[in-house]
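Have a look at upload30.txt below; it lists compact mmCIF, C-alpha atoms.
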```txt
# COMPACT_ATOMS: atom_id res chain seq x y z
CA MET S 1 97.02 127.71 94.20
CA THR S 2 97.79 124.10 93.24
CA LEU S 3 99.81 121.59 95.22
CA ASP S 4 103.52 122.48 95.39
CA ILE S 5 105.00 119.34 93.81
CA LYS S 6 108.65 120.26 94.54
CA LYS S 7 108.00 120.58 98.27
CA LEU S 8 105.91 117.41 98.19
CA LEU S 9 108.66 115.35 96.50
CA THR S 10 111.21 116.46 99.10
CA GLN S 11 109.00 115.16 101.90
CA ILE S 12 108.14 111.93 100.09
CA LYS S 13 111.83 111.08 99.69
CA ASN S 14 112.27 111.39 103.44
CA LEU S 15 109.35 109.13 104.28
CA GLU S 16 110.20 105.82 105.89
CA ASP S 17 108.74 102.81 104.08
CA LYS S 18 106.78 101.66 107.10
CA GLU S 19 105.31 98.64 105.35
CA TYR S 20 108.62 96.81 105.04
CA THR S 21 110.84 97.94 107.88
CA ASN S 22 112.82 95.26 109.73
CA GLU S 23 110.63 95.78 112.76
CA ASN S 24 107.46 95.01 110.80
CA LEU S 25 109.07 92.00 109.16
CA ASN S 26 110.03 90.65 112.57
CA ARG S 27 106.43 91.00 113.76
CA LEU S 28 105.21 89.19 110.66
CA GLU S 29 107.71 86.36 111.16
CA ALA S 30 106.73 85.93 114.81
CA THR S 31 103.00 85.97 114.01
CA TYR S 32 103.40 83.50 111.15
CA ALA S 33 105.43 81.17 113.39
CA LEU S 34 102.54 81.24 115.85
CA PHE S 35 100.14 80.43 113.01
CA LYS S 36 102.19 77.37 112.10
CA SER S 37 102.18 76.25 115.75
CA ALA S 38 98.39 76.57 115.80
CA VAL S 39 98.21 74.44 112.64
CA HIS S 40 100.00 71.59 114.44
CA GLU S 41 97.78 71.93 117.51
CA ASP S 42 94.45 72.82 115.95
CA GLU S 43 92.47 70.70 118.43
CA LEU S 44 93.89 72.72 121.32
CA LEU S 45 93.24 75.91 119.37
CA LEU S 46 89.57 75.00 118.84
CA LYS S 47 89.15 74.03 122.49
CA ARG S 48 90.51 77.36 123.70
CA LEU S 49 88.43 79.34 121.21
CA ILE S 50 85.19 77.58 122.17
CA GLU S 51 85.88 78.10 125.88
CA THR S 52 86.67 81.76 125.32
CA LYS S 53 83.50 82.25 123.27
CA ASP S 54 81.38 80.56 125.97
CA THR S 55 82.87 82.59 128.83
CA SER S 56 83.21 85.88 126.88
CA GLY S 57 86.71 86.02 128.36
CA ALA S 58 88.38 87.92 125.51
CA SER S 59 88.26 91.70 125.27
CA PHE S 60 88.57 91.57 121.47
CA TYR S 61 86.85 89.92 118.54
CA PHE S 62 88.32 86.83 116.90
CA GLY S 63 87.58 84.30 114.20
CA THR S 64 86.76 80.65 114.85
CA PRO S 65 87.87 78.15 112.17
CA GLU S 66 85.17 75.85 110.81
CA ILE S 67 87.20 72.66 110.45
CA SER S 68 85.33 69.72 108.95
CA LYS S 69 86.36 66.06 109.19
CA ASN S 70 88.54 66.26 106.09
CA GLU S 71 90.11 69.61 106.89
CA LYS S 72 92.87 71.14 108.95
CA LEU S 73 93.52 74.78 109.79
CA ASN S 74 95.89 74.97 106.80
CA THR S 75 93.63 73.16 104.30
CA LEU S 76 93.38 75.00 100.97
CA HIS S 77 90.52 74.80 98.47
CA ALA S 78 91.31 75.32 94.79
CA PRO S 79 88.65 76.49 92.30
CA GLN S 80 87.24 74.14 89.70
CA ASP S 81 89.57 74.14 86.69
CA ASP S 82 86.82 73.52 84.14
CA PHE S 83 84.15 75.67 85.77
CA SER S 84 81.58 76.50 83.08
CA GLN S 85 78.28 76.37 84.93
CA PRO S 86 75.80 78.91 83.54
CA HIS S 87 75.27 81.68 86.09
CA ILE S 88 74.75 85.41 86.39
CA THR S 89 76.88 87.60 88.64
CA ILE S 90 75.21 90.79 89.84
CA ALA S 91 76.67 93.63 91.89
CA THR S 92 75.87 97.03 93.34
CA ASP S 93 77.95 99.91 94.61
CA GLY S 94 76.95 103.35 95.81
CA SER S 95 78.13 106.93 96.04
CA GLN S 96 76.53 110.13 97.23
CA ILE S 97 76.47 113.90 97.30
CA ASN S 98 76.23 114.71 100.99
CA PRO S 99 74.15 117.59 102.33
CA SER S 100 76.15 120.82 102.58
CA ALA S 101 75.52 123.64 105.04
CA HIS S 102 77.12 126.03 102.53
CA GLU S 103 74.79 125.32 99.62
CA PHE S 104 71.45 127.00 98.97
CA THR S 105 69.57 123.72 99.58
CA ASN S 106 69.57 120.83 102.05
CA ALA S 107 68.96 118.35 99.23
CA PHE S 108 71.37 115.45 98.68
CA LEU S 109 71.72 112.47 96.39
CA ILE S 110 72.45 108.75 96.62
CA ASN S 111 73.47 106.99 93.40
CA ILE S 112 73.48 103.18 93.14
CA GLY S 113 75.45 101.49 90.37
CA MET S 114 73.91 98.21 89.19
CA VAL S 115 75.52 95.49 87.10
CA GLY S 116 74.51 92.04 85.89
CA ILE S 117 76.76 89.89 83.71
CA PRO S 118 75.67 86.42 82.45
CA TYR S 119 78.27 83.67 81.98
CA TYR S 120 77.83 80.65 79.69
CA LYS S 121 74.24 81.75 78.96
CA SER S 122 73.79 83.76 75.75
CA SER S 123 70.04 84.50 76.12
CA ALA S 124 70.37 86.64 79.26
CA LYS S 125 71.31 90.29 78.75
CA VAL S 126 74.09 92.33 80.30
CA LEU S 127 72.86 95.06 82.65
CA ILE S 128 74.92 98.17 83.45
CA GLY S 129 73.29 101.29 84.83
CA SER S 130 72.63 103.45 87.85
CA GLU S 131 69.68 104.67 89.89
CA PRO S 132 69.96 108.14 91.46
CA THR S 133 67.63 109.15 94.31
CA ILE S 134 67.27 112.75 95.45
CA TYR S 135 66.25 113.62 99.00
CA SER S 136 64.98 117.07 99.91
CA SER S 137 66.44 116.93 103.42
CA ILE S 138 67.97 114.54 105.94
CA GLU S 139 64.53 114.12 107.57
CA GLU S 140 63.50 111.94 104.63
CA ILE S 141 65.80 109.17 105.84
CA ASN S 142 65.87 110.01 109.55
CA LEU S 143 62.35 108.77 110.29
CA LEU S 144 63.02 107.37 113.75
CA ASN S 145 61.51 109.11 116.76
CA THR S 146 64.63 109.62 118.85
CA PRO S 147 66.24 112.66 120.44
CA GLU S 148 69.68 111.45 119.45
CA SER S 149 71.49 113.77 117.05
CA LEU S 150 73.49 111.89 114.42
CA LEU S 151 75.89 113.34 111.89
CA GLU S 152 74.23 113.90 108.53
CA ASP S 153 77.06 112.15 106.67
CA ASP S 154 76.63 109.07 108.90
CA LEU S 155 72.92 108.94 108.14
CA VAL S 156 73.51 109.23 104.39
CA SER S 157 76.10 106.42 104.51
CA TYR S 158 73.64 104.39 106.62
CA GLU S 159 70.97 104.78 103.93
CA ARG S 160 73.36 104.16 101.02
CA THR S 161 74.59 100.88 102.53
CA LEU S 162 71.02 99.62 102.87
CA LYS S 163 70.10 100.69 99.35
CA GLU S 164 73.09 98.78 97.94
CA ILE S 165 71.67 95.57 99.43
CA GLU S 166 68.05 96.35 98.53
CA TYR S 167 68.91 97.14 94.90
CA LEU S 168 70.41 93.67 94.56
CA ILE S 169 66.83 92.41 94.95
CA LYS S 170 65.72 94.61 92.03
CA ILE S 171 68.46 93.20 89.81
CA ALA S 172 67.64 89.64 90.90
CA GLU S 173 63.98 90.21 89.93
CA ILE S 174 65.09 91.30 86.43
CA TYR S 175 66.90 87.98 85.98
CA LYS S 176 64.45 85.68 87.79
CA GLU S 177 63.06 84.27 84.53
CA SER S 178 66.53 83.07 83.49
CA ASN S 179 66.31 80.12 85.89
CA ILE S 180 70.06 79.93 86.39
CA PRO S 181 72.06 80.62 89.57
CA LEU S 182 72.52 84.22 90.67
CA ILE S 183 75.65 85.32 92.54
CA ALA S 184 75.41 88.76 94.16
CA LEU S 185 78.46 90.78 95.23
CA ILE S 186 78.77 93.98 97.22
CA ASP S 187 81.91 95.99 97.82
CA GLY S 188 82.71 95.84 101.52
CA THR S 189 81.71 94.10 104.69
CA LEU S 190 78.53 92.28 105.71
CA ILE S 191 79.55 92.80 109.36
CA HIS S 192 78.22 96.27 110.03
CA TRP S 193 80.25 96.98 113.16
CA HIS S 194 80.28 100.69 112.26
CA ILE S 195 76.66 101.09 113.41
CA GLU S 196 77.62 100.21 116.99
CA LYS S 197 78.12 103.95 117.55
CA PHE S 198 74.38 104.50 116.97
CA ASN S 199 71.83 103.96 119.73
CA GLY S 200 69.74 100.79 119.97
CA ILE S 201 66.81 102.11 117.93
CA TYR S 202 69.03 102.87 114.93
CA ILE S 203 70.86 99.56 115.22
CA GLU S 204 67.61 97.58 115.31
CA HIS S 205 66.18 99.57 112.38
CA PHE S 206 69.33 99.07 110.31
CA ILE S 207 69.59 95.34 111.05
CA LYS S 208 65.87 94.87 110.34
CA ARG S 209 66.14 96.38 106.84
CA PHE S 210 69.48 94.68 106.19
CA SER S 211 68.21 91.27 107.36
CA ASP S 212 64.94 91.57 105.44
CA ALA S 213 66.90 92.25 102.25
CA LEU S 214 69.28 89.31 102.78
CA LEU S 215 66.43 86.96 103.66
CA LYS S 216 64.59 88.05 100.51
CA LEU S 217 67.70 87.28 98.46
CA LYS S 218 67.91 83.90 100.21
CA SER S 219 64.28 83.17 99.31
CA MET S 220 65.16 83.96 95.68
CA ASN S 221 68.09 81.48 95.86
CA VAL S 222 70.62 84.27 95.38
CA VAL S 223 74.13 83.55 96.66
CA ILE S 224 75.50 86.75 98.20
CA ALA S 225 78.96 87.78 99.42
CA GLY S 226 80.79 90.88 100.54
CA PHE S 227 84.19 91.33 98.87
CA LEU S 228 86.87 93.21 100.83
CA SER S 229 89.97 94.31 98.97
CA ASN S 230 92.92 95.43 101.10
CA SER S 231 91.14 94.22 104.25
CA ARG S 232 92.29 95.64 107.59
CA ALA S 233 90.80 92.75 109.60
CA ASN S 234 92.78 90.85 112.22
CA ASP S 235 90.30 88.19 113.37
CA ILE S 236 92.81 85.41 112.66
CA VAL S 237 95.66 87.20 114.42
CA ASN S 238 93.37 87.68 117.44
CA MET S 239 92.56 83.97 117.26
CA LEU S 240 96.28 83.24 117.52
CA LYS S 241 96.56 85.46 120.59
CA ILE S 242 93.96 83.32 122.35
CA PHE S 243 95.99 80.26 121.39
CA LYS S 244 99.12 81.80 122.93
CA CYS S 245 97.49 83.13 126.12
CA PRO S 246 99.64 81.89 129.07
CA TYR S 247 96.68 81.54 131.42
CA GLU S 248 94.67 78.36 131.76
CA THR S 249 91.43 80.29 131.30
CA ILE S 250 91.27 83.36 129.06
CA ASN S 251 90.08 86.35 131.08
CA CYS S 252 91.44 89.62 129.70
CA LYS S 253 89.61 91.73 132.26
CA LYS S 254 91.07 89.79 135.18
CA TYR S 255 94.68 89.39 134.03
CA CYS S 256 95.46 92.15 131.53
CA THR S 257 93.38 95.25 132.33
CA ASN S 258 96.38 97.42 133.24
CA ILE S 259 98.74 96.13 130.55
CA SER S 260 99.28 98.15 127.39
CA TYR S 261 98.31 96.51 124.10
CA LYS S 262 101.88 96.18 122.83
CA ASP S 263 102.99 94.38 126.01
CA LEU S 264 100.23 91.78 126.34
CA PRO S 265 101.56 88.29 127.19
CA CYS S 266 99.50 86.76 124.38
CA ASN S 267 101.31 88.79 121.72
CA PRO S 268 103.51 86.85 119.27
CA THR S 269 106.49 89.05 120.14
CA LEU S 270 107.52 91.90 122.44
CA ASN S 271 106.57 95.51 121.65
CA TYR S 272 103.86 94.18 119.34
CA LYS S 273 101.72 96.01 116.83
CA SER S 274 99.03 93.90 115.26
CA VAL S 275 99.73 92.26 111.91
CA LEU S 276 96.87 92.12 109.40
CA ASP S 277 95.28 88.76 108.61
CA ARG S 278 95.96 89.14 104.90
CA ARG S 279 99.70 89.38 105.55
CA ILE S 280 99.63 86.02 107.35
CA ILE S 281 97.51 84.40 104.64
CA GLU S 282 99.68 85.92 101.91
CA ARG S 283 102.72 84.27 103.49
CA PHE S 284 100.81 81.02 103.93
CA PHE S 285 99.66 80.98 100.28
CA SER S 286 103.17 81.82 99.10
CA GLU S 287 104.69 78.87 100.99
CA ALA S 288 101.98 76.56 99.68
CA ASN S 289 102.44 77.89 96.11
CA ALA S 290 98.68 78.42 95.96
CA LYS S 291 97.40 79.31 92.50
CA PRO S 292 94.99 82.21 91.85
CA GLY S 293 91.46 81.41 93.00
CA THR S 294 92.60 79.29 95.94
CA ARG S 295 90.80 79.99 99.23
CA THR S 296 91.26 79.16 102.90
CA ILE S 297 88.85 77.22 105.06
CA LEU S 298 85.90 79.09 106.54
CA PHE S 299 86.09 81.11 109.73
CA LYS S 300 83.14 82.30 111.80
CA SER S 301 83.15 85.90 112.95
CA ASN S 302 82.45 86.62 116.62
CA SER S 303 81.87 90.34 116.22
CA LYS S 304 79.45 91.61 118.85
CA ILE S 305 77.21 93.32 116.28
CA LEU S 306 76.31 89.86 114.94
CA ASP S 307 74.27 89.27 118.11
CA TYR S 308 71.60 91.33 116.35
CA TYR S 309 71.66 89.13 113.21
CA PRO S 310 69.28 86.17 112.69
CA ASP S 311 70.98 82.75 112.85
CA ASP S 312 70.74 82.24 109.07
CA LEU S 313 72.68 85.46 108.55
CA LYS S 314 75.56 85.09 111.02
CA ILE S 315 78.70 85.91 109.06
CA TYR S 316 81.52 83.59 108.03
CA PHE S 317 84.56 84.55 105.99
CA PHE S 318 87.45 83.14 104.00
CA TYR S 319 90.51 84.58 102.28
CA ILE S 320 91.12 84.11 98.56
CA ASN S 321 94.08 84.61 96.26
CA THR S 322 92.76 86.89 93.52
CA GLY S 323 95.98 86.69 91.52
CA LYS S 324 96.90 90.23 92.62
CA GLU S 325 96.15 90.30 96.34
CA ILE S 326 94.69 88.36 99.25
CA ALA S 327 91.06 89.44 99.59
CA ARG S 328 88.54 88.68 102.32
CA VAL S 329 85.12 87.31 101.36
CA GLU S 330 82.22 87.39 103.83
CA ILE S 331 79.10 85.22 103.50
CA PRO S 332 75.92 84.51 105.50
CA SER S 333 75.70 81.21 107.38
CA TYR S 334 73.08 79.73 105.01
CA ILE S 335 75.75 79.74 102.31
CA ALA S 336 78.57 78.65 104.61
CA LYS S 337 76.57 75.57 105.62
CA ASP S 338 75.65 74.53 102.08
CA LYS S 339 78.64 73.03 100.25
CA ASN S 340 77.03 73.39 96.82
CA LEU S 341 76.32 77.09 97.31
CA LEU S 342 79.77 77.66 98.79
CA ASP S 343 81.49 75.92 95.86
CA LEU S 344 79.40 77.88 93.36
CA LEU S 345 80.31 81.16 95.04
CA HIS S 346 84.00 80.23 95.24
CA ASN S 347 84.16 79.34 91.55
CA ALA S 348 82.20 82.43 90.50
CA ILE S 349 84.43 84.80 92.48
CA SER S 350 87.53 83.08 91.12
CA LEU S 351 86.22 83.65 87.60
CA GLN S 352 85.31 87.27 88.43
CA CYS S 353 88.85 87.98 89.63
CA LYS S 354 90.37 86.22 86.62
CA VAL S 355 88.45 88.28 84.05
CA GLY S 356 88.79 91.40 86.21
CA PHE S 357 92.59 91.07 86.51
CA GLY S 358 92.57 90.53 90.27
CA TYR S 359 89.30 92.23 91.24
CA PRO S 360 85.68 91.16 90.53
CA VAL S 361 84.74 92.75 87.22
CA THR S 362 81.09 93.25 88.22
CA LEU S 363 82.15 95.26 91.28
CA SER S 364 84.50 97.46 89.28
CA GLU S 365 81.74 98.12 86.73
CA ALA S 366 79.22 98.85 89.51
CA HIS S 367 81.67 101.34 91.01
CA LEU S 368 82.13 103.10 87.67
CA ALA S 369 78.35 103.26 87.21
CA ALA S 370 77.85 104.67 90.72
CA VAL S 371 80.66 107.20 91.04
CA VAL S 372 79.62 110.85 91.26
CA THR S 373 82.27 113.20 89.86
CA LYS S 374 82.94 116.83 90.71
CA ASN S 375 81.29 117.74 87.41
CA ASP S 376 78.23 115.65 88.36
CA ARG S 377 78.01 117.57 91.63
CA GLU S 378 77.99 120.90 89.79
CA ILE S 379 75.31 119.64 87.39
CA PHE S 380 73.23 118.41 90.35
CA TYR S 381 73.25 121.80 92.06
CA ASN S 382 72.75 123.73 88.81
CA LEU S 383 69.64 121.69 88.00
CA LEU S 384 68.30 122.30 91.48
CA LYS S 385 69.00 126.02 91.14
CA GLU S 386 67.05 126.18 87.87
CA GLN S 387 64.11 124.42 89.50
CA VAL S 388 64.14 126.73 92.53
CA LEU S 389 64.34 129.83 90.34
CA MET S 390 61.49 128.63 88.15
CA LYS S 391 59.23 127.90 91.10
CA LYS S 392 60.10 130.69 93.53
CA GLN S 393 61.53 133.29 91.16
CA SER S 394 63.80 134.41 93.98
CA LYS S 395 67.54 134.67 94.46
CA VAL S 396 69.55 131.57 95.34
CA LYS S 397 71.95 132.22 98.19
CA LEU S 398 75.20 130.39 98.94
CA SER S 399 77.07 130.72 102.21
CA TYR S 400 79.78 133.40 102.21
CA LYS S 401 82.40 130.65 102.68
CA GLU S 402 81.23 128.76 99.59
CA LEU S 403 81.12 131.96 97.57
CA LYS S 404 84.70 132.85 98.54
CA LYS S 405 85.87 129.34 97.61
CA ARG S 406 84.52 129.79 94.09
CA ILE S 407 85.85 133.30 93.42
CA SER S 408 89.46 134.48 93.67
CA PHE S 409 90.35 138.18 93.74
CA VAL S 410 94.13 137.64 93.38
```

Target format structure tokens, applied to this file:
Amino acid sequence: MTLDIKKLLTQIKNLEDKEYTNENLNRLEATYALFKSAVHEDELLLKRLIETKDTSGASFYFGTPEISKNEKLNTLHAPQDDFSQPHITIATDGSQINPSAHEFTNAFLINIGMVGIPYYKSSAKVLIGSEPTIYSSIEEINLLNTPESLLEDDLVSYERTLKEIEYLIKIAEIYKESNIPLIALIDGTLIHWHIEKFNGIYIEHFIKRFSDALLKLKSMNVVIAGFLSNSRANDIVNMLKIFKCPYETINCKKYCTNISYKDLPCNPTLNYKSVLDRRIIERFFSEANAKPGTRTILFKSNSKILDYYPDDLKIYFFYINTGKEIARVEIPSYIAKDKNLLDLLHNAISLQCKVGFGYPVTLSEAHLAAVVTKNDREIFYNLLKEQVLMKKQSKVKLSYKELKKRISFV
């Protein structure tokens, strides 16, 4: 049976447009008003943020603005209009076929899409391709001696994320003879807060491989960033809550333990549900009539997982107008603290979004190279079946559930 479209349409017509209800607009207005207040009192804002960071008084993560001598909280940085510096933008993205308890094998696959596109340099070649890796079982990636039982899908995602970073090194090595700047992009965050659910051994192992890869890219003079479309982050909104806190010293545990989130005294308005950072920045850019490619100042993340990161790899972020949306860009501190590298990255991403119609073209191509379709999945298992039959000359057995899903008797 297929989806009943008539029944679906009836329900869709009755859905409330939750994104633009009056209540949500009121929350946005109140939060943006608080942002403008913080702009006018950015010295007080910074003072409160530094104190809160030092005392660990907040029960939530927040961003800290990196305001230089010539900047304010609302300073905007436009891209270079005549940017034509020769450079190569590289990108990776990954997909997988997860292990299935209902298949005849425990084997699974990780596929990494790889892209390299030169700009203003005709001698370097375009690279578009993918690298599939087959694993016979989850034990091939779960090499740590720990009694903890982790979900197989989590472990596969864990490995895929690391391979996306490590394959950037392989692409960079292909282009190392070009002797022009390399900008590397990945789809998603560099702040791997999702591994906090693992135990310490897994966290340390993940951060070790992740850090080694980033430090190798740094040694190769590669400028790397994580690009987040449709970001759900609220580091800036949380920053504003610290600014509004009515207490002289921020101490969430002392003053607000028994207060529900929507009723906290630091909220921009009563009965509050958090507004996303990109909504605030979207409003800010709109008022400032910011052209595509314009970015905010830098903010430093205070996510707890960054305590595991080396100092050179602590993560900063900014928001950029891609021409279609407000995207979040995350970078390691060695780039954030080098104006030349930061400007190069800003201009390269602006160009990527321009030629990609609002999204970095290298990332979209890497995604297309990486994606594993339903047909690919069938081919994968059929090839494995042929190999098993050739070697063992025995029957291949599916689970009864999988068999019933493939055959209808009605």

Tell me which protein, DNA and RNA residues are within 7 Å of Phe317 (chain S), counting all atoms listed in the file, leaving out same-chain ones fewer than 4 positions away, and put them as a PDB file with C-alpha atoms, in the frame of the given file.
```pdb
ATOM      1  CA  LEU S 298      85.900  79.090 106.540  1.00  0.00           C
ATOM      2  CA  PHE S 299      86.090  81.110 109.730  1.00  0.00           C
ATOM      3  CA  LYS S 300      83.140  82.300 111.800  1.00  0.00           C
ATOM      4  CA  ARG S 328      88.540  88.680 102.320  1.00  0.00           C
ATOM      5  CA  VAL S 329      85.120  87.310 101.360  1.00  0.00           C
ATOM      6  CA  GLU S 330      82.220  87.390 103.830  1.00  0.00           C
ATOM      7  CA  ILE S 331      79.100  85.220 103.500  1.00  0.00           C
TER       8      ILE S 331
END
```

For this session: Go through S:His192, S:Lys36, S:Arg232, S:Arg48 one by one, measure the shortest atom-to-atom distance of each to Thr64 (chain S) using only C-alpha atoms, and give the residue with the smallest value.
Result: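 Of the candidates, the smallest distance to Thr64 (chain S) is held by S:Arg48.
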
Might you pull out every residue within 12 Å of Asp376 (chain S), with all atoms listed in the file counted and same-chain residues fewer than 5 positions away left off, and present them as a PDB file with C-alpha atoms, keeping the file's coordinate frame?
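Saved the output as selection_39.pdb:
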```
ATOM      1  CA  SER S  95      78.130 106.930  96.040  1.00  0.00           C
ATOM      2  CA  GLN S  96      76.530 110.130  97.230  1.00  0.00           C
ATOM      3  CA  ILE S  97      76.470 113.900  97.300  1.00  0.00           C
ATOM      4  CA  LEU S 109      71.720 112.470  96.390  1.00  0.00           C
ATOM      5  CA  ASN S 111      73.470 106.990  93.400  1.00  0.00           C
ATOM      6  CA  PRO S 132      69.960 108.140  91.460  1.00  0.00           C
ATOM      7  CA  ALA S 370      77.850 104.670  90.720  1.00  0.00           C
ATOM      8  CA  VAL S 371      80.660 107.200  91.040  1.00  0.00           C
ATOM      9  CA  TYR S 381      73.250 121.800  92.060  1.00  0.00           C
ATOM     10  CA  ASN S 382      72.750 123.730  88.810  1.00  0.00           C
ATOM     11  CA  LEU S 383      69.640 121.690  88.000  1.00  0.00           C
TER      12      LEU S 383
END
```

For this session: Please provide as number ranges by chain all residues within 9 Å of region 169-179 of chain S, with the sequence filter that same-chain residues fewer than 5 positions apart are discarded (counting all atoms listed in the file).
Result: S: 88, 90-91, 114-116, 123-125, 127, 184, 213-214, 216-217, 220, 222

For this session: Work out how far apart CA of Thr21 (chain S) and CA of Asn267 (chain S) are and give it in Å to one decimal.
Result: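 CA of Asn267 (chain S) lies 19.1 Å from CA of Thr21 (chain S).
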
Exercise. So how many Å separate CA of Asp154 (chain S) and CA of Glu378 (chain S), to one decimal?
Worked result: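 Atom-to-atom, CA of Asp154 (chain S) and CA of Glu378 (chain S) are spaced 22.5 Å apart.
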
For this session: Please write as a list in words the list of polymer residues whose atoms come within 8 Å of (67.5, 117.9, 104.8), counting only C-alpha atoms and keeping to the coordinates of the file.
Result: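 Output: Pro99, Asn106, Ala107, Phe108, Tyr135, Ser136, Ser137, Ile138, Glu139 and Glu140 of chain S.
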
Exercise. Which distance in Å separates CA of Gly63 (chain S) and CA of Ser301 (chain S), to one decimal?
Worked result: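 Rounded to one decimal, the two atoms are 4.9 Å apart.
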
Exercise. Which residue, S:Thr294, S:Asn258, S:Thr105, S:Ser231, has the smallest gap to Lys385 (chain S) when you use only C-alpha atoms?
Worked result: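 Of the candidates, the smallest distance to Lys385 (chain S) is held by S:Thr105.
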
For this session: Could you give me, as a list in words, the residues within 10 Å of Arg27 (chain S), counting all atoms listed in the file and dropping anything in the same chain fewer than 2 positions from it?
Result: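 In the requested format, the answer is Asn22, Glu23, Asn24, Leu25, Glu29, Ala30, Thr31, Tyr32, Ala33, Asn267, Pro268, Thr269, Leu270, Asn271, Tyr272, Lys273, Ser274 and Val275 of chain S.
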
Problem set entry | For region 194-207 of chain S: contacts at 7 Å, only C-alpha atoms, fewer than 6 positions along chain excluded, given as a VMD selection string | chain S and resid 305 308 to 309

For this session: Between S:Lys324, S:Arg279, S:Lys374, S:Arg295, single out the one closest to Leu28 (chain S), counting all atoms listed in the file.
Result: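 Of the candidates, the smallest distance to Leu28 (chain S) is held by S:Arg279.
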